[in-house]
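Colleague: Following this line is my_file06.txt, made up of compact mmCIF, C-alpha atoms and all ligand atoms:
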```txt
# COMPACT_ATOMS: atom_id res chain seq x y z
CA MET A 1114 27.81 -12.81 10.36
CA ARG A 1115 29.80 -11.05 13.03
CA ILE A 1116 28.05 -7.76 13.79
CA LEU A 1117 29.43 -4.88 15.84
CA VAL A 1118 26.80 -2.44 17.14
CA HIS A 1119 27.99 1.14 17.72
CA GLY A 1120 25.58 2.00 20.52
CA ALA A 1121 26.69 5.63 20.96
CA SER A 1122 25.19 6.59 17.60
CA LEU A 1123 21.81 4.96 18.29
CA PRO A 1124 18.86 7.01 19.56
CA GLY A 1125 18.14 4.43 22.29
CA PRO A 1126 17.20 0.84 23.06
CA ALA A 1127 13.63 1.22 21.71
CA GLY A 1128 14.72 2.36 18.23
CA ARG A 1129 14.30 0.12 15.18
CA MET A 1130 18.04 -0.41 14.71
CA ALA A 1131 18.70 -1.40 18.34
CA LEU A 1132 15.81 -3.88 18.33
CA ALA A 1133 16.67 -5.31 14.92
CA ALA A 1134 20.36 -5.66 15.83
CA ALA A 1135 19.46 -7.56 19.00
CA GLY A 1136 17.07 -9.61 16.83
CA LEU A 1137 20.04 -10.68 14.68
CA ALA A 1138 21.50 -12.41 17.76
CA LEU A 1139 18.21 -14.33 18.06
CA ARG A 1140 18.78 -15.45 14.46
CA GLY A 1141 22.20 -16.81 15.44
CA HIS A 1142 24.49 -14.03 14.25
CA ARG A 1143 27.33 -13.04 16.60
CA VAL A 1144 26.42 -9.56 17.84
CA LEU A 1145 28.81 -7.49 19.95
CA TRP A 1146 27.48 -4.31 21.47
CA GLN A 1147 29.68 -1.32 22.18
CA GLY A 1148 28.34 1.43 24.42
CA PRO A 1149 24.73 2.23 25.33
CA GLY A 1150 21.41 1.29 23.74
CA LEU A 1151 21.29 -2.46 24.36
CA PRO A 1152 17.59 -3.44 24.57
CA ALA A 1153 16.48 -5.59 27.51
CA LEU A 1154 15.48 -9.10 26.49
CA ALA A 1155 12.73 -10.88 28.41
CA GLY A 1156 14.56 -14.22 28.50
CA GLY A 1157 17.95 -12.56 29.12
CA PRO A 1158 20.52 -11.97 26.37
CA PRO A 1159 21.09 -14.95 24.04
CA ALA A 1160 24.55 -16.52 24.01
CA GLU A 1161 25.31 -14.83 20.68
CA LEU A 1162 24.84 -11.31 22.13
CA GLY A 1163 27.79 -9.93 24.02
CA ARG A 1164 29.52 -6.72 25.04
CA ALA A 1165 32.37 -5.30 22.96
CA PRO A 1166 35.31 -3.72 24.76
CA ASP A 1167 35.66 0.07 24.80
CA GLY A 1168 38.36 2.23 23.29
CA LEU A 1169 41.30 0.76 21.41
CA ALA A 1170 40.68 -2.65 23.02
CA LEU A 1171 37.96 -2.94 20.38
CA ALA A 1172 40.73 -3.87 17.93
CA ARG A 1173 40.81 -7.30 19.59
CA VAL A 1174 37.38 -7.95 18.07
CA GLN A 1175 36.78 -8.86 14.43
CA ALA A 1176 33.50 -7.93 12.76
CA ASP A 1177 32.07 -8.24 9.26
CA VAL A 1178 29.59 -5.38 9.54
CA VAL A 1179 29.30 -2.39 11.88
CA VAL A 1180 25.77 -1.11 12.45
CA GLY A 1181 24.84 2.18 14.03
CA GLY A 1182 22.47 5.10 14.14
CA PRO A 1183 21.99 8.45 12.46
CA ALA A 1184 24.30 10.41 14.71
CA ARG A 1185 28.11 10.30 14.61
CA ALA A 1186 28.74 8.37 11.41
CA LEU A 1187 32.43 9.00 11.99
CA GLY A 1188 32.26 7.19 15.34
CA ALA A 1189 30.48 4.19 13.82
CA ALA A 1190 32.97 4.02 10.95
CA ALA A 1191 35.91 4.27 13.36
CA ALA A 1192 34.51 1.29 15.29
CA GLY A 1193 34.29 -0.49 11.95
CA TRP A 1194 37.92 0.30 11.06
CA LEU A 1195 39.13 -0.98 14.44
CA THR A 1196 37.27 -4.27 14.03
CA ARG A 1197 38.26 -4.64 10.35
CA ALA A 1198 34.60 -4.59 9.28
CA ARG A 1199 34.10 -4.29 5.53
CA CYS A 1200 30.59 -2.82 5.60
CA MET A 1201 28.50 -0.38 7.60
CA VAL A 1202 24.70 -0.24 7.88
CA LEU A 1203 23.27 2.88 9.52
CA ALA A 1204 19.74 3.82 10.53
CA LEU A 1205 19.37 7.23 8.90
CA GLU A 1206 17.09 10.16 9.73
CA ALA A 1207 16.67 13.22 7.52
CA PRO A 1208 17.44 15.86 10.22
CA ALA A 1209 20.52 13.95 11.44
CA LEU A 1210 21.67 13.52 7.84
CA ARG A 1211 21.40 17.27 7.25
CA ALA A 1212 23.53 17.82 10.37
CA TRP A 1213 26.30 15.50 9.14
CA ARG A 1214 29.66 17.23 8.83
CA ARG A 1215 32.13 16.68 6.02
CA ARG A 1216 34.01 14.15 8.15
CA ASP A 1217 30.81 12.08 8.57
CA ARG A 1218 30.32 11.97 4.79
CA TRP A 1219 33.95 10.99 4.36
CA ALA A 1220 33.53 8.26 7.02
CA TRP A 1221 30.50 6.90 5.09
CA SER A 1222 32.68 6.58 1.99
CA THR A 1223 35.45 4.63 3.74
CA LEU A 1224 33.37 1.44 4.17
CA TYR A 1225 30.77 -0.16 1.93
CA ALA A 1226 27.95 1.75 3.63
CA THR A 1227 24.20 1.44 3.30
CA GLY A 1228 21.35 3.11 5.15
CA LEU A 1229 17.85 2.27 6.38
CA ILE A 1230 15.17 4.95 6.73
CA GLU A 1231 11.59 5.12 7.98
CA GLU A 1232 8.94 4.99 5.27
CA GLY A 1233 7.67 8.44 6.29
CA GLU A 1234 11.08 9.99 5.58
CA ALA A 1235 11.64 8.30 2.24
CA GLU A 1236 10.40 11.24 0.17
CA THR A 1237 12.46 13.78 2.11
CA VAL A 1238 15.65 11.77 1.73
CA ARG A 1239 14.89 10.94 -1.91
CA SER A 1240 14.46 14.63 -2.81
CA ASP A 1241 17.54 15.69 -0.85
CA PRO A 1242 19.85 12.70 -0.32
CA GLN A 1243 22.68 14.89 1.00
CA GLY A 1244 25.12 13.31 -1.42
CA LEU A 1245 24.33 9.69 -0.50
CA GLU A 1246 23.78 7.18 -3.31
CA LEU A 1247 20.04 6.40 -3.23
CA GLU A 1248 20.58 2.79 -4.29
CA ARG A 1249 22.40 2.38 -0.97
CA VAL A 1250 19.31 3.42 1.01
CA ALA A 1251 16.43 1.01 1.83
CA LEU A 1252 13.30 1.21 3.96
CA TRP A 1253 12.42 -0.17 7.35
CA SER A 1254 9.14 -2.08 7.47
CA SER A 1255 5.80 -0.29 7.74
CA ASP A 1256 5.03 -2.38 10.87
CA ALA A 1257 5.35 -0.77 14.29
CA PRO A 1258 8.67 -1.63 15.98
CA PRO A 1259 8.37 -4.71 18.20
CA PRO A 1260 8.08 -4.22 22.00
CA GLU A 1261 11.31 -6.19 22.35
CA ALA A 1262 13.90 -7.82 20.07
CA ASP A 1263 12.10 -10.34 17.88
CA ALA A 1264 13.68 -12.73 15.35
CA THR A 1265 10.39 -12.90 13.42
CA HIS A 1266 9.84 -9.13 13.04
CA ALA A 1267 10.12 -7.65 9.53
CA ASP A 1268 12.76 -5.12 10.68
CA THR A 1269 15.05 -7.95 11.79
CA GLU A 1270 14.70 -9.51 8.34
CA ILE A 1271 15.38 -6.14 6.68
CA LEU A 1272 18.55 -5.54 8.71
CA GLU A 1273 19.79 -9.11 8.14
CA ARG A 1274 19.33 -8.80 4.39
CA ALA A 1275 20.84 -5.29 4.36
CA CYS A 1276 23.99 -6.63 6.04
CA GLU A 1277 24.19 -9.67 3.73
CA ARG A 1278 23.57 -7.56 0.62
CA ALA A 1279 26.29 -5.09 1.65
CA LEU A 1280 28.79 -7.89 2.29
CA ALA A 1281 28.05 -9.53 -1.06
CA ARG A 1282 28.34 -6.25 -2.97
CA GLN A 1283 31.48 -5.23 -1.17
CA ARG A 1284 33.01 -8.52 -2.26
CA THR A 1285 32.04 -8.53 -5.92
CA ARG A 1286 29.93 -6.98 -8.63
CA SER A 1287 29.87 -10.02 -10.91
CA PRO A 1288 27.44 -12.83 -10.08
CA ARG A 1289 29.00 -15.84 -8.34
CA ALA A 1290 28.20 -19.55 -8.39
CA ALA A 1291 26.72 -20.65 -5.06
CA VAL A 1292 25.82 -23.88 -3.32
CA PHE A 1293 22.28 -24.08 -1.99
CA VAL A 1294 21.84 -26.68 0.71
CA ASP A 1295 18.73 -28.24 2.20
CA ARG A 1296 18.72 -28.41 6.01
CA ASP A 1297 16.89 -31.48 7.36
CA GLY A 1298 18.44 -34.75 6.26
CA THR A 1299 21.25 -32.94 4.42
CA LEU A 1300 23.07 -30.68 6.91
CA VAL A 1301 21.45 -32.08 10.05
CA VAL A 1302 19.84 -35.34 11.16
CA GLU A 1303 16.27 -35.70 9.84
CA ARG A 1304 13.88 -35.57 12.83
CA GLY A 1305 10.53 -34.96 11.11
CA TYR A 1306 9.19 -31.43 11.80
CA LEU A 1307 12.14 -30.51 13.99
CA SER A 1308 11.09 -27.66 16.26
CA ASP A 1309 13.26 -27.95 19.38
CA PRO A 1310 16.62 -26.32 18.60
CA LEU A 1311 18.28 -28.78 20.99
CA ASP A 1312 17.19 -31.67 18.71
CA LEU A 1313 19.29 -30.22 15.92
CA GLU A 1314 22.36 -32.38 15.30
CA LEU A 1315 24.89 -31.92 12.51
CA LEU A 1316 25.42 -34.94 10.27
CA PRO A 1317 28.93 -36.43 10.73
CA ARG A 1318 30.55 -34.92 7.63
CA THR A 1319 28.67 -31.62 7.40
CA VAL A 1320 31.56 -29.58 8.78
CA THR A 1321 34.16 -30.98 6.35
CA ALA A 1322 31.70 -30.54 3.47
CA LEU A 1323 31.16 -26.88 4.24
CA ARG A 1324 34.89 -26.34 4.77
CA HIS A 1325 35.56 -27.66 1.24
CA LEU A 1326 32.92 -25.39 -0.25
CA ARG A 1327 34.07 -22.30 1.65
CA ALA A 1328 37.72 -22.99 0.80
CA ALA A 1329 36.75 -23.14 -2.88
CA GLY A 1330 35.06 -19.76 -2.53
CA PHE A 1331 31.42 -20.85 -2.81
CA PRO A 1332 28.78 -18.87 -0.94
CA VAL A 1333 26.69 -21.42 1.01
CA VAL A 1334 22.98 -20.71 1.34
CA VAL A 1335 20.49 -22.83 3.30
CA VAL A 1336 17.04 -23.20 1.70
CA SER A 1337 14.48 -25.12 3.74
CA ASN A 1338 10.78 -26.00 3.60
CA GLN A 1339 9.29 -25.55 7.08
CA SER A 1340 5.59 -26.21 6.55
CA GLY A 1341 5.25 -27.09 10.27
CA VAL A 1342 4.78 -23.32 10.78
CA GLU A 1343 1.63 -23.00 8.66
CA ARG A 1344 0.42 -26.41 9.84
CA GLY A 1345 0.38 -24.89 13.34
CA LEU A 1346 2.89 -27.40 14.72
CA PHE A 1347 5.28 -24.67 15.91
CA PRO A 1348 5.66 -20.89 15.53
CA ALA A 1349 8.14 -19.28 13.13
CA SER A 1350 10.23 -18.23 16.13
CA ARG A 1351 11.14 -21.92 16.63
CA VAL A 1352 12.47 -22.12 13.08
CA TYR A 1353 14.64 -19.05 13.71
CA ALA A 1354 15.81 -20.57 17.01
CA ALA A 1355 16.74 -23.83 15.23
CA MET A 1356 18.52 -21.94 12.44
CA ALA A 1357 20.32 -19.91 15.13
CA ARG A 1358 21.56 -23.13 16.72
CA LEU A 1359 22.70 -24.35 13.30
CA ARG A 1360 24.70 -21.14 12.84
CA SER A 1361 26.19 -21.49 16.34
CA LEU A 1362 27.17 -25.14 15.87
CA LEU A 1363 28.91 -24.27 12.60
CA ARG A 1364 30.58 -21.16 14.03
CA VAL A 1365 32.38 -23.33 16.57
CA HIS A 1366 34.16 -24.79 13.51
CA GLY A 1367 34.81 -21.37 11.97
CA ILE A 1368 32.05 -21.67 9.37
CA GLU A 1369 29.62 -18.84 8.64
CA LEU A 1370 26.62 -19.44 6.38
CA ASP A 1371 26.08 -16.74 3.78
CA ALA A 1372 22.29 -16.75 4.25
CA VAL A 1373 19.36 -18.83 5.43
CA TYR A 1374 15.92 -18.78 3.76
CA PHE A 1375 12.87 -20.86 4.60
CA CYS A 1376 9.30 -21.26 3.41
CA PRO A 1377 6.69 -21.53 6.20
CA HIS A 1378 3.77 -22.54 3.91
CA ARG A 1379 1.92 -25.83 3.41
CA PRO A 1380 2.23 -27.57 0.04
CA GLU A 1381 -1.45 -26.80 -0.69
CA ALA A 1382 -0.82 -23.07 -0.29
CA GLY A 1383 0.54 -22.93 -3.83
CA CYS A 1384 3.22 -20.38 -2.89
CA ALA A 1385 6.26 -19.73 -5.06
CA CYS A 1386 8.74 -20.07 -2.21
CA ARG A 1387 8.20 -23.70 -1.19
CA LYS A 1388 10.67 -26.03 -2.93
CA PRO A 1389 10.48 -27.05 -5.75
CA GLY A 1390 9.46 -23.43 -6.26
CA THR A 1391 12.46 -21.27 -7.00
CA ALA A 1392 11.43 -17.97 -5.38
CA LEU A 1393 13.85 -18.33 -2.46
CA LEU A 1394 16.75 -19.10 -4.80
CA GLU A 1395 15.84 -16.08 -6.90
CA ARG A 1396 15.65 -13.91 -3.81
CA ALA A 1397 19.06 -15.17 -2.71
CA ALA A 1398 20.46 -14.49 -6.17
CA ASP A 1399 19.28 -10.89 -5.92
CA ASP A 1400 20.45 -10.44 -2.31
CA LEU A 1401 23.85 -12.06 -2.71
CA VAL A 1402 24.72 -11.40 -6.39
CA LEU A 1403 24.56 -15.05 -7.46
CA ALA A 1404 24.45 -16.74 -10.87
CA LEU A 1405 21.83 -19.50 -10.54
CA ALA A 1406 22.78 -21.16 -13.83
CA ARG A 1407 26.29 -21.80 -12.45
CA SER A 1408 25.06 -22.83 -8.99
CA PHE A 1409 24.27 -26.14 -7.29
CA MET A 1410 21.55 -27.40 -4.97
CA ALA A 1411 22.13 -30.39 -2.71
CA GLY A 1412 19.37 -32.14 -0.78
CA ASP A 1413 17.97 -35.48 0.38
CA LYS A 1414 14.75 -35.27 -1.64
CA MET A 1415 13.98 -35.20 -5.32
CA LEU A 1416 12.18 -31.91 -4.77
CA ASP A 1417 15.59 -30.41 -4.00
CA VAL A 1418 16.87 -31.74 -7.32
CA GLU A 1419 13.77 -30.44 -9.08
CA THR A 1420 14.31 -27.03 -7.49
CA ALA A 1421 17.79 -27.00 -8.99
CA ARG A 1422 16.43 -28.04 -12.38
CA ARG A 1423 13.79 -25.30 -12.40
CA ALA A 1424 16.41 -22.71 -11.42
CA HIS A 1425 18.72 -23.97 -14.23
CA ALA A 1426 21.23 -25.02 -11.58
CA ARG A 1427 22.69 -28.49 -11.03
CA GLY A 1428 21.05 -30.83 -8.55
CA VAL A 1429 22.68 -33.34 -6.20
CA LEU A 1430 20.78 -36.01 -4.27
CA VAL A 1431 22.51 -37.11 -1.05
CA ARG A 1432 21.77 -40.53 0.49
CA THR A 1433 21.44 -39.12 4.04
CA GLY A 1434 17.96 -38.32 5.46
CA TYR A 1435 15.31 -39.53 3.01
CA GLY A 1436 17.93 -39.80 0.25
CA ARG A 1437 18.19 -43.60 0.08
CA ASP A 1438 14.41 -43.99 -0.21
CA GLU A 1439 14.32 -41.31 -2.86
CA GLU A 1440 17.08 -43.07 -4.79
CA ARG A 1441 15.16 -46.37 -4.63
CA ARG A 1442 12.08 -44.69 -6.06
CA LEU A 1443 14.24 -43.14 -8.72
CA ALA A 1444 15.74 -46.49 -9.81
CA GLY A 1445 15.14 -47.05 -13.48
CA GLY A 1446 13.65 -43.57 -13.79
CA GLY A 1447 16.56 -41.44 -14.86
CA GLY A 1448 15.92 -39.20 -17.80
CA ALA A 1449 15.83 -35.45 -17.81
CA ASP A 1450 14.71 -35.24 -14.18
CA ALA A 1451 17.57 -37.39 -12.82
CA PRO A 1452 20.01 -35.72 -10.42
CA ASP A 1453 23.33 -34.59 -11.85
CA LEU A 1454 24.85 -36.68 -9.06
CA VAL A 1455 23.67 -39.12 -6.40
CA CYS A 1456 26.21 -39.53 -3.60
CA GLU A 1457 26.68 -40.67 -0.01
CA ASP A 1458 26.46 -37.37 1.77
CA LEU A 1459 27.14 -33.65 1.61
CA GLU A 1460 30.89 -34.14 1.80
CA ALA A 1461 30.88 -36.30 -1.33
CA ALA A 1462 28.62 -33.70 -2.94
CA ALA A 1463 31.02 -30.92 -1.98
CA ARG A 1464 34.02 -32.76 -3.42
CA TRP A 1465 32.17 -33.25 -6.73
CA ILE A 1466 30.97 -29.63 -6.83
CA VAL A 1467 34.49 -28.32 -6.27
CA THR A 1468 35.79 -30.44 -9.18
CA ARG A 1469 33.08 -29.00 -11.46
CA GLN A 1470 34.25 -25.49 -10.67
CA GLY A 1471 36.03 -23.88 -13.59
CA THR A 1472 35.78 -27.00 -15.78
CA GLY A 1473 33.97 -25.12 -18.51
CA GLU A 1474 30.84 -27.15 -17.77
CA ASP A 1475 28.94 -24.04 -16.81
MG MG B 1501 15.53 -32.54 3.54
```
Rewrite the structure of this file - the entire thing - as structure tokens.
Ligand SMILES: [Mg+2]

Modeller:
Amino acid sequence: MRILVHGASLPGPAGRMALAAAGLALRGHRVLWQGPGLPALAGGPPAELGRAPDGLALARVQADVVVGGPARALGAAAAGWLTRARCMVLALEAPALRAWRRRDRWAWSTLYATGLIEEGEAETVRSDPQGLELERVALWSSDAPPPEADATHADTEILERACERALARQRTRSPRAAVFVDRDGTLVVERGYLSDPLDLELLPRTVTALRHLRAAGFPVVVVSNQSGVERGLFPASRVYAAMARLRSLLRVHGIELDAVYFCPHRPEAGCACRKPGTALLERAADDLVLALARSFMAGDKMLDVETARRAHARGVLVRTGYGRDEERRLAGGGGADAPDLVCEDLEAAARWIVTRQGTGED
């Protein structure tokens, strides 16, 4: 996503919104900051975090979502209009909300706007929402804010999902078919417990594959098992850093992923989110308004195909990564568990998926 932060409406760099917004840059989203409130980052600002120009020069920037604070909703919305953002996510506070003028309420209504409030204020806002639609208001985490921007903090996750949910709902109210894609061995070269972001390398036809899918209107969602986290091989922050590099490498080619989900657990944990569990697909369906039964999942392992099957989606096995070995094991198997398609790579998968679109084979 391309995020514009309206710093003038934020209470300061230590607030939840400022920290979470900077955390989005650590997750690989392009974050441009206008005005004050930029938190200091120990390792210096990541490449994805930059300064937005002031005044009307802001119109040179294009954003998907403008985020801001409880004060001056009109100012945040105006920044959104200038950057052609479609959505606005504001950190709300009950006293500031009560002080909103008519023009602030009007500004809220001009973009697809949602709000985030502290748990302790939920009851106050619920009993007196000041005219805001309550279904557009969600909660920050109950954890203390992090000392500095942190990709792994719950608030960063909450803001990321709030932005993605707003974008999806602004686009459509009827569930869409999506393409879920495995990461290692499908989008990028299989390295075996990849933890160094610099080891991440796109497979040769990943970019053309994703271009086909985006041109056909499919949301593209990455779903990855990353058990190296719970095995203690690397911290979750390394997964976010690798996913951030994936987003950056794709952005160079003009491709934005709709969302990234991963499971950090070991297979023995028995969680519902590790593929072939379908919890992450179900979460994505709720976040992004997706129809799983009309969706596809492509991966280099049979567990990706099984995930699709369990979610009532269609499964594609690609021969990159572990795919050839998986196909060999599959030989002669077939039957109900067979993939809907086995093909060379994600580009071949994408071409097939696009031809299935609108064929009445839903
Ligand atoms: Mg894989």

Colleague: Figure out the distance between CA of Ala1176 (chain A) and CA of Thr1196 (chain A), please, to one decimal in Å.

Modeller: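 Between these atoms lies a distance of 5.4 Å.
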
Colleague: If I put a ball of radius 10 Å at (30.2, -5.4, 8.0) in the file's coordinates, which residues poke into it when counting all atoms listed in the file, written as a PyMOL selection string?

Modeller: chain A and resi 1114-1117+1175-1180+1193+1196-1202+1224-1226+1276-1277+1279-1280+1283

Colleague: Find the distance between CA of Leu1313 (chain A) and CA of Arg1358 (chain A) and write it in Å to one decimal.

Modeller: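 Taking CA of Leu1313 (chain A) as the start and CA of Arg1358 (chain A) as the end point, the length is 7.5 Å.
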
Colleague: So that I can see what lies close to Leu1203 (chain A), please list as a short mmCIF file (atom, residue, chain, number, x, y, z; two decimals) with C-alpha atoms, in the coordinates of the input the residues with an atom at most 7 Å from it, counting all atoms listed in the file and leaving out residues fewer than 2 positions away in the same chain.

Modeller:
```
data_model
loop_
_atom_site.label_atom_id
_atom_site.label_comp_id
_atom_site.auth_asym_id
_atom_site.auth_seq_id
_atom_site.Cartn_x
_atom_site.Cartn_y
_atom_site.Cartn_z
CA VAL A 1180 25.77 -1.11 12.45
CA GLY A 1181 24.84 2.18 14.03
CA GLY A 1182 22.47 5.10 14.14
CA PRO A 1183 21.99 8.45 12.46
CA MET A 1201 28.50 -0.38 7.60
CA LEU A 1205 19.37 7.23 8.90
CA THR A 1227 24.20 1.44 3.30
CA GLY A 1228 21.35 3.11 5.15
CA LEU A 1229 17.85 2.27 6.38
#
```

Colleague: Please find the residues contacting ligand MG 1501 (chain B) at a distance of at most 8 Å between atoms, with all atoms listed in the file counted, and report them as a PyMOL selection string.

Modeller: chain A and resi 1295-1299+1303+1337+1412-1414+1417+1434-1435

Colleague: Would you mind exporting the chosen residues as a short mmCIF file (atom, residue, chain, number, x, y, z; two decimals), in the frame of the given file, restricted to C-alpha atoms?

Modeller:
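again_35.cif written:
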```cif
data_model
loop_
_atom_site.label_atom_id
_atom_site.label_comp_id
_atom_site.auth_asym_id
_atom_site.auth_seq_id
_atom_site.Cartn_x
_atom_site.Cartn_y
_atom_site.Cartn_z
CA ASP A 1295 18.73 -28.24 2.20
CA ARG A 1296 18.72 -28.41 6.01
CA ASP A 1297 16.89 -31.48 7.36
CA GLY A 1298 18.44 -34.75 6.26
CA THR A 1299 21.25 -32.94 4.42
CA GLU A 1303 16.27 -35.70 9.84
CA SER A 1337 14.48 -25.12 3.74
CA GLY A 1412 19.37 -32.14 -0.78
CA ASP A 1413 17.97 -35.48 0.38
CA LYS A 1414 14.75 -35.27 -1.64
CA ASP A 1417 15.59 -30.41 -4.00
CA GLY A 1434 17.96 -38.32 5.46
CA TYR A 1435 15.31 -39.53 3.01
#
```

Colleague: Using only C-alpha atoms, which of the listed residues (A:Leu1315, A:Ala1392, A:Val1402, A:Leu1443) sits closest to Ser1287 (chain A)?

Modeller: A:Val1402

Colleague: Which residue is closest to Gly1128 (chain A)? Choose from A:Gly1157, A:Gly1428, A:Pro1152, A:Gly1141 and count all atoms listed in the file.

Modeller: A:Pro1152

Colleague: Kindly give the distance, in Å, that separates CA of Arg1274 (chain A) and CA of Arg1214 (chain A), rounded to a single decimal.

Modeller: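 CA of Arg1274 (chain A) sits 28.4 Å away from CA of Arg1214 (chain A).
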
Colleague: Would you be able to write out as a PyMOL selection string which residues have an atom within 12 Å of (-1.1, -27.3, 7.1) in the file's coordinates, counting all atoms listed in the file?

Modeller: chain A and resi 1339-1347+1377-1383

Colleague: If we count only C-alpha atoms, what is near Ala1220 (chain A) at a cut-off of 8 Å, once residues fewer than 2 positions away on the same chain are taken out, given as an NGL selection string?

Modeller: :A and (1186-1187 or 1190-1191 or 1216-1218 or 1222-1224)

Colleague: May I have the residues from that selection written out with C-alpha atoms, as an mmCIF file, in the coordinates of the input?

Modeller:
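After the write, selection34.cif holds the following:
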```
data_model
loop_
_atom_site.group_PDB
_atom_site.id
_atom_site.type_symbol
_atom_site.label_atom_id
_atom_site.label_comp_id
_atom_site.auth_asym_id
_atom_site.auth_seq_id
_atom_site.Cartn_x
_atom_site.Cartn_y
_atom_site.Cartn_z
ATOM 1 C CA ALA A 1186 28.740 8.370 11.410
ATOM 2 C CA LEU A 1187 32.430 9.000 11.990
ATOM 3 C CA ALA A 1190 32.970 4.020 10.950
ATOM 4 C CA ALA A 1191 35.910 4.270 13.360
ATOM 5 C CA ARG A 1216 34.010 14.150 8.150
ATOM 6 C CA ASP A 1217 30.810 12.080 8.570
ATOM 7 C CA ARG A 1218 30.320 11.970 4.790
ATOM 8 C CA SER A 1222 32.680 6.580 1.990
ATOM 9 C CA THR A 1223 35.450 4.630 3.740
ATOM 10 C CA LEU A 1224 33.370 1.440 4.170
#
```

Colleague: Just the residues within 10 Å of Pro1208 (chain A), please, counting only C-alpha atoms, with nothing from its chain fewer than 4 positions along; format it as an MDAnalysis selection string.

Modeller: chainID A and resid 1183:1184 1212:1213 1234 1237:1238

Colleague: Excluding Leu1162 (chain A) and its own-chain neighbours fewer than 4 positions away, which residues fall within 8 Å of it when counting all atoms listed in the file? Please give them as an mmCIF file with C-alpha atoms, keeping the file's coordinate frame.

Modeller:
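The resulting file, part-v5.cif, is shown below:
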```
data_model
loop_
_atom_site.group_PDB
_atom_site.id
_atom_site.type_symbol
_atom_site.label_atom_id
_atom_site.label_comp_id
_atom_site.auth_asym_id
_atom_site.auth_seq_id
_atom_site.Cartn_x
_atom_site.Cartn_y
_atom_site.Cartn_z
ATOM 1 C CA ALA A 1135 19.460 -7.560 19.000
ATOM 2 C CA ALA A 1138 21.500 -12.410 17.760
ATOM 3 C CA ARG A 1143 27.330 -13.040 16.600
ATOM 4 C CA VAL A 1144 26.420 -9.560 17.840
ATOM 5 C CA LEU A 1145 28.810 -7.490 19.950
ATOM 6 C CA TRP A 1146 27.480 -4.310 21.470
ATOM 7 C CA PRO A 1158 20.520 -11.970 26.370
#
```

Colleague: For region 1419-1427 of chain A, work out the shell of residues within 6 Å, counting only C-alpha atoms and skipping chain neighbours fewer than 4 positions away, then give it as a ChimeraX atom specification.

Modeller: /A:1388-1389,1405-1406,1408-1410

Colleague: Produce a table with one row for each residue of region 1276-1340 of chain A that has an atom at most 8 Å from any atom of region 1369-1374 of chain A, each row naming the nearest atom pair and its distance in Å at one decimal; use only C-alpha atoms; arrange rows by chain and rising residue number; format as a Markdown table.

Modeller:
```
| residue | atom | partner | partner_atom | distance |
| --- | --- | --- | --- | --- |
| A:Glu1277 | CA | A:Asp1371 | CA | 7.3 |
| A:Pro1332 | CA | A:Asp1371 | CA | 5.8 |
| A:Val1333 | CA | A:Asp1371 | CA | 5.5 |
| A:Val1334 | CA | A:Ala1372 | CA | 5.0 |
| A:Val1335 | CA | A:Val1373 | CA | 4.7 |
| A:Val1336 | CA | A:Tyr1374 | CA | 5.0 |
| A:Ser1337 | CA | A:Tyr1374 | CA | 6.5 |
```

Colleague: Nearest residue to Glu1395 (chain A) out of A:Asn1338, A:Leu1132, A:Ser1308, A:Phe1293, using all atoms listed in the file?

Modeller: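 With all atoms listed in the file as the atom set, the closest residue is A:Phe1293.
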
Colleague: With distances taken over only C-alpha atoms, which of A:Arg1407, A:Arg1289, A:His1266, A:Arg1318 is nearest to Ile1466 (chain A)?

Modeller: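 Between A:Arg1407, A:Arg1289, A:His1266, A:Arg1318, the residue approaching Ile1466 (chain A) most closely is A:Arg1407.
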
Colleague: Mind writing region 1162-1167 of chain A to a file for me, with N, CA, C and O atoms, as an mmCIF file, in the first residue's frame?

Modeller:
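What ended up in result-v3.cif:
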```cif
data_model
loop_
_atom_site.group_PDB
_atom_site.id
_atom_site.type_symbol
_atom_site.label_atom_id
_atom_site.label_comp_id
_atom_site.auth_asym_id
_atom_site.auth_seq_id
_atom_site.Cartn_x
_atom_site.Cartn_y
_atom_site.Cartn_z
ATOM 1 N N LEU A 1162 10.242 4.576 4.063
ATOM 2 C CA LEU A 1162 9.687 5.699 4.828
ATOM 3 C C LEU A 1162 10.319 6.993 4.342
ATOM 4 O O LEU A 1162 11.535 7.158 4.404
ATOM 5 N N GLY A 1163 9.498 7.888 3.833
ATOM 6 C CA GLY A 1163 10.038 9.135 3.307
ATOM 7 C C GLY A 1163 9.201 10.327 3.723
ATOM 8 O O GLY A 1163 8.173 10.184 4.390
ATOM 9 N N ARG A 1164 9.647 11.491 3.355
ATOM 10 C CA ARG A 1164 8.945 12.739 3.653
ATOM 11 C C ARG A 1164 8.061 13.130 2.477
ATOM 12 O O ARG A 1164 8.483 13.040 1.318
ATOM 13 N N ALA A 1165 6.843 13.558 2.768
ATOM 14 C CA ALA A 1165 5.957 14.063 1.716
ATOM 15 C C ALA A 1165 6.138 15.571 1.613
ATOM 16 O O ALA A 1165 6.420 16.226 2.614
ATOM 17 N N PRO A 1166 5.981 16.122 0.426
ATOM 18 C CA PRO A 1166 6.126 17.578 0.296
ATOM 19 C C PRO A 1166 4.976 18.317 0.987
ATOM 20 O O PRO A 1166 3.912 17.753 1.212
ATOM 21 N N ASP A 1167 5.211 19.572 1.323
ATOM 22 C CA ASP A 1167 4.168 20.368 1.981
ATOM 23 C C ASP A 1167 3.296 21.071 0.956
ATOM 24 O O ASP A 1167 3.634 21.165 -0.226
#
```
